[in-house]
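A.B. asks: Enclosed is the structure file data.txt (compact mmCIF, N, CA and C atoms).
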# COMPACT_ATOMS: atom_id res chain seq x y z
N VAL A 1 0.83 -1.19 0.00
CA VAL A 1 0.00 0.00 0.00
C VAL A 1 0.87 1.25 0.00
N SER A 2 1.90 1.28 0.86
CA SER A 2 2.73 2.48 0.93
C SER A 2 3.49 2.71 -0.38
N ASP A 3 3.85 1.66 -1.09
CA ASP A 3 4.52 1.83 -2.37
C ASP A 3 3.62 2.52 -3.39
N GLY A 4 2.34 2.26 -3.35
CA GLY A 4 1.40 2.85 -4.29
C GLY A 4 1.05 4.29 -3.97
N GLY A 5 1.36 4.74 -2.76
CA GLY A 5 1.02 6.10 -2.35
C GLY A 5 1.98 7.16 -2.83
N GLY A 6 3.09 6.75 -3.38
CA GLY A 6 4.07 7.72 -3.85
C GLY A 6 4.90 8.28 -2.71
N ASP A 7 5.75 9.26 -3.06
CA ASP A 7 6.68 9.82 -2.09
C ASP A 7 5.98 10.59 -0.96
N GLY A 8 4.84 11.19 -1.22
CA GLY A 8 4.16 12.00 -0.21
C GLY A 8 3.09 11.25 0.55
N GLY A 9 2.90 9.98 0.26
CA GLY A 9 1.83 9.22 0.90
C GLY A 9 2.19 8.75 2.31
N TRP A 10 1.18 8.65 3.14
CA TRP A 10 1.33 8.13 4.50
C TRP A 10 0.40 6.94 4.66
N VAL A 11 0.78 6.04 5.52
CA VAL A 11 -0.06 4.89 5.84
C VAL A 11 -0.27 4.85 7.34
N GLY A 12 -1.52 4.86 7.75
CA GLY A 12 -1.87 4.74 9.16
C GLY A 12 -2.83 3.59 9.35
N VAL A 13 -2.85 3.06 10.56
CA VAL A 13 -3.77 1.98 10.91
C VAL A 13 -4.67 2.48 12.02
N ALA A 14 -5.98 2.50 11.77
CA ALA A 14 -6.97 2.91 12.77
C ALA A 14 -7.56 1.64 13.39
N ALA A 15 -7.42 1.52 14.71
CA ALA A 15 -7.82 0.29 15.38
C ALA A 15 -9.15 0.41 16.13
N GLY A 16 -9.64 1.60 16.35
CA GLY A 16 -10.93 1.75 17.01
C GLY A 16 -10.96 1.28 18.46
N GLY A 17 -9.79 1.28 19.13
CA GLY A 17 -9.73 0.92 20.54
C GLY A 17 -9.99 -0.55 20.83
N ARG A 18 -9.72 -1.43 19.87
CA ARG A 18 -10.14 -2.82 20.04
C ARG A 18 -9.08 -3.78 20.55
N PHE A 19 -7.88 -3.30 20.86
CA PHE A 19 -6.84 -4.24 21.28
C PHE A 19 -6.48 -4.09 22.76
N ASP A 20 -5.98 -5.17 23.34
CA ASP A 20 -5.39 -5.09 24.67
C ASP A 20 -3.93 -4.67 24.52
N LEU A 21 -3.27 -4.38 25.63
CA LEU A 21 -1.91 -3.85 25.57
C LEU A 21 -0.94 -4.80 24.88
N ASN A 22 -0.96 -6.08 25.22
CA ASN A 22 -0.01 -7.02 24.63
C ASN A 22 -0.17 -7.11 23.11
N THR A 23 -1.40 -7.15 22.65
CA THR A 23 -1.65 -7.20 21.20
C THR A 23 -1.21 -5.91 20.53
N ALA A 24 -1.51 -4.78 21.17
CA ALA A 24 -1.13 -3.48 20.60
C ALA A 24 0.38 -3.34 20.51
N VAL A 25 1.11 -3.81 21.51
CA VAL A 25 2.58 -3.75 21.47
C VAL A 25 3.10 -4.60 20.31
N ALA A 26 2.59 -5.80 20.16
CA ALA A 26 3.04 -6.67 19.07
C ALA A 26 2.74 -6.03 17.71
N LEU A 27 1.55 -5.48 17.57
CA LEU A 27 1.19 -4.83 16.31
C LEU A 27 2.05 -3.59 16.06
N ALA A 28 2.32 -2.82 17.10
CA ALA A 28 3.16 -1.62 16.94
C ALA A 28 4.55 -1.99 16.45
N HIS A 29 5.11 -3.08 16.96
CA HIS A 29 6.41 -3.55 16.48
C HIS A 29 6.32 -3.97 15.01
N PHE A 30 5.29 -4.73 14.68
CA PHE A 30 5.09 -5.17 13.31
C PHE A 30 4.91 -3.98 12.37
N PHE A 31 4.08 -3.03 12.77
CA PHE A 31 3.84 -1.86 11.92
C PHE A 31 5.11 -1.04 11.73
N GLY A 32 5.93 -0.95 12.77
CA GLY A 32 7.22 -0.27 12.63
C GLY A 32 8.11 -0.97 11.62
N ASP A 33 8.08 -2.31 11.64
CA ASP A 33 8.91 -3.09 10.72
C ASP A 33 8.49 -2.93 9.26
N ILE A 34 7.19 -2.75 9.03
CA ILE A 34 6.72 -2.69 7.64
C ILE A 34 6.52 -1.27 7.14
N GLY A 35 6.80 -0.27 7.98
CA GLY A 35 6.78 1.11 7.52
C GLY A 35 5.47 1.85 7.69
N VAL A 36 4.59 1.38 8.57
CA VAL A 36 3.37 2.12 8.86
C VAL A 36 3.75 3.42 9.57
N ASP A 37 3.08 4.52 9.23
CA ASP A 37 3.45 5.83 9.76
C ASP A 37 2.82 6.16 11.10
N TRP A 38 1.66 5.61 11.43
CA TRP A 38 1.07 5.82 12.75
C TRP A 38 0.04 4.74 13.04
N PHE A 39 -0.25 4.56 14.32
CA PHE A 39 -1.19 3.56 14.84
C PHE A 39 -2.22 4.34 15.66
N GLU A 40 -3.45 4.37 15.18
CA GLU A 40 -4.48 5.22 15.78
C GLU A 40 -5.41 4.44 16.70
N ASP A 41 -5.58 4.95 17.92
CA ASP A 41 -6.51 4.41 18.91
C ASP A 41 -6.42 2.88 19.07
N PRO A 42 -5.23 2.36 19.36
CA PRO A 42 -5.12 0.91 19.50
C PRO A 42 -5.79 0.36 20.75
N LEU A 43 -5.84 1.14 21.83
CA LEU A 43 -6.41 0.69 23.10
C LEU A 43 -7.74 1.40 23.35
N PRO A 44 -8.57 0.83 24.21
CA PRO A 44 -9.83 1.50 24.53
C PRO A 44 -9.59 2.86 25.18
N PRO A 45 -10.51 3.82 24.98
CA PRO A 45 -10.40 5.11 25.66
C PRO A 45 -10.38 4.89 27.18
N GLY A 46 -9.60 5.69 27.85
CA GLY A 46 -9.52 5.60 29.31
C GLY A 46 -8.43 4.69 29.82
N ASP A 47 -7.78 3.94 28.95
CA ASP A 47 -6.67 3.08 29.39
C ASP A 47 -5.39 3.90 29.41
N ASP A 48 -5.35 4.86 30.32
CA ASP A 48 -4.21 5.79 30.38
C ASP A 48 -2.90 5.07 30.67
N ALA A 49 -2.92 4.14 31.61
CA ALA A 49 -1.69 3.39 31.94
C ALA A 49 -1.24 2.57 30.74
N GLY A 50 -2.17 1.97 30.04
CA GLY A 50 -1.83 1.19 28.85
C GLY A 50 -1.21 2.05 27.76
N TYR A 51 -1.78 3.24 27.56
CA TYR A 51 -1.22 4.14 26.55
C TYR A 51 0.17 4.63 26.93
N ARG A 52 0.38 4.90 28.20
CA ARG A 52 1.74 5.31 28.63
C ARG A 52 2.74 4.20 28.36
N ARG A 53 2.38 2.98 28.70
CA ARG A 53 3.28 1.84 28.48
C ARG A 53 3.49 1.61 26.98
N LEU A 54 2.42 1.66 26.22
CA LEU A 54 2.54 1.46 24.78
C LEU A 54 3.41 2.53 24.14
N ALA A 55 3.26 3.77 24.57
CA ALA A 55 4.08 4.85 24.03
C ALA A 55 5.56 4.61 24.30
N ASP A 56 5.88 4.01 25.44
CA ASP A 56 7.27 3.70 25.76
C ASP A 56 7.83 2.58 24.89
N LEU A 57 6.97 1.67 24.46
CA LEU A 57 7.42 0.47 23.75
C LEU A 57 7.22 0.51 22.24
N ALA A 58 6.32 1.35 21.77
CA ALA A 58 5.95 1.34 20.35
C ALA A 58 7.08 1.84 19.47
N GLU A 59 7.18 1.23 18.31
CA GLU A 59 8.16 1.65 17.31
C GLU A 59 7.53 2.52 16.23
N VAL A 60 6.29 2.88 16.42
CA VAL A 60 5.54 3.70 15.47
C VAL A 60 4.78 4.75 16.29
N PRO A 61 4.64 5.96 15.78
CA PRO A 61 3.88 6.98 16.52
C PRO A 61 2.43 6.57 16.75
N LEU A 62 1.90 6.97 17.89
CA LEU A 62 0.51 6.70 18.23
C LEU A 62 -0.35 7.94 18.00
N ALA A 63 -1.55 7.74 17.53
CA ALA A 63 -2.55 8.80 17.42
C ALA A 63 -3.70 8.40 18.32
N VAL A 64 -4.10 9.31 19.20
CA VAL A 64 -5.12 9.00 20.19
C VAL A 64 -6.12 10.14 20.25
N GLY A 65 -7.38 9.81 20.45
CA GLY A 65 -8.37 10.84 20.70
C GLY A 65 -9.58 10.80 19.80
N SER A 66 -9.57 10.05 18.72
CA SER A 66 -10.73 10.06 17.84
C SER A 66 -11.95 9.41 18.49
N LEU A 67 -11.72 8.63 19.55
CA LEU A 67 -12.83 8.00 20.26
C LEU A 67 -13.27 8.78 21.49
N PHE A 68 -12.61 9.92 21.77
CA PHE A 68 -13.00 10.72 22.93
C PHE A 68 -14.35 11.39 22.69
N ASP A 69 -15.11 11.52 23.75
CA ASP A 69 -16.44 12.13 23.67
C ASP A 69 -16.51 13.56 24.19
N THR A 70 -15.58 13.92 25.08
CA THR A 70 -15.63 15.24 25.70
C THR A 70 -14.25 15.89 25.68
N PRO A 71 -14.21 17.22 25.69
CA PRO A 71 -12.91 17.92 25.68
C PRO A 71 -12.02 17.59 26.88
N ASP A 72 -12.61 17.26 28.03
CA ASP A 72 -11.78 17.00 29.21
C ASP A 72 -11.03 15.68 29.12
N GLN A 73 -11.33 14.84 28.11
CA GLN A 73 -10.57 13.61 27.93
C GLN A 73 -9.19 13.89 27.30
N PHE A 74 -9.01 15.08 26.74
CA PHE A 74 -7.72 15.48 26.21
C PHE A 74 -6.94 16.19 27.31
N TYR A 75 -5.84 15.64 27.73
CA TYR A 75 -5.02 16.28 28.75
C TYR A 75 -3.57 16.02 28.51
As structure tokens - that is how I would like this structure written.
C.D. replies:
Amino acid sequence: VSDGGGDGGWVGVAAGGRFDLNTAVALAHFFGDIGVDWFEDPLPPGDDAGYRRLADLAEVPLAVGSLFDTPDQFY
């Protein structure tokens, strides 16, 4: 997919908060290996400890917040 996007193309994976931490870590490593540019909402909203741990271990940038319902969830 990334080869077809050309030089300016990006590839992201949107997960919809459906993974647990162990699965998200494994996927983040895999996505880093294959050149994915970001991993969006891998864990359920509110799993702050999981996101902190995943951010420490992930080899690909994380995008978080598309599943938030209120402004106070962004901090």
A.B. asks: Let me have the centre and edge lengths in Å, one decimal, of the box along x, y and z around every listed atom of segment 57-69 of chain A with 4 Å of margin on each side, as lines of an AutoDock Vina configuration file.
C.D. replies:
center_x = -4.2
center_y = 7.0
center_z = 20.0
size_x = 32.7
size_y = 21.1
size_z = 17.0
A.B. asks: Could you give me, as a PyMOL selection string, the residues within 8 Å of Phe30 of chain A, counting only N, CA and C atoms and dropping anything in the same chain fewer than 6 positions from it?
C.D. replies: chain A and resi 24+36+59-60
A.B. asks: Give one line per residue of segment 17-54 of chain A that approaches segment 66-71 of chain A to at most 9 Å, naming the two atoms of the closest pair and their distance in Å to one decimal, counting only C-alpha atoms; sort by chain then ascending residue number and deliver it as a tab-separated table.
C.D. replies:
residue	atom	partner	partner_atom	distance
A:Gly17	CA	A:Leu67	CA	7.7
A:Glu40	CA	A:Ser66	CA	8.2
A:Asp41	CA	A:Ser66	CA	7.1
A:Pro44	CA	A:Leu67	CA	8.3
A:Pro45	CA	A:Leu67	CA	6.6
A:Gly46	CA	A:Phe68	CA	8.9
A.B. asks: I need the residues of chain A that end up classed as strand (DSSP E) by DSSP on the backbone, written out as a ChimeraX atom specification.
C.D. replies: /A:12-14,38-40,62-63
A.B. asks: Rounded to one decimal place, report the atom CA of Val13 of chain A-atom CA of Phe31 of chain A distance in Å.
C.D. replies: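 Interatomic distance here is 8.6 Å.
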A.B. asks: Could you work out how far atom CA of Ala28 of chain A lies from atom C of Arg52 of chain A, giving the answer in Å with one decimal?
C.D. replies: 12.8 Å
A.B. asks: Return the single residue from A:Thr23, A:Val64, A:Gly32, A:Trp10 that is closest to Asp48 of chain A, with distances computed using only C-alpha atoms.
C.D. replies: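 Using only C-alpha atoms, the shortest distance to Asp48 of chain A belongs to A:Val64.
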A.B. asks: For the alpha helix (DSSP H) assignment from backbone DSSP, which residues of chain A qualify? Please present them as a ChimeraX atom specification.
C.D. replies: /A:21-34,48-57
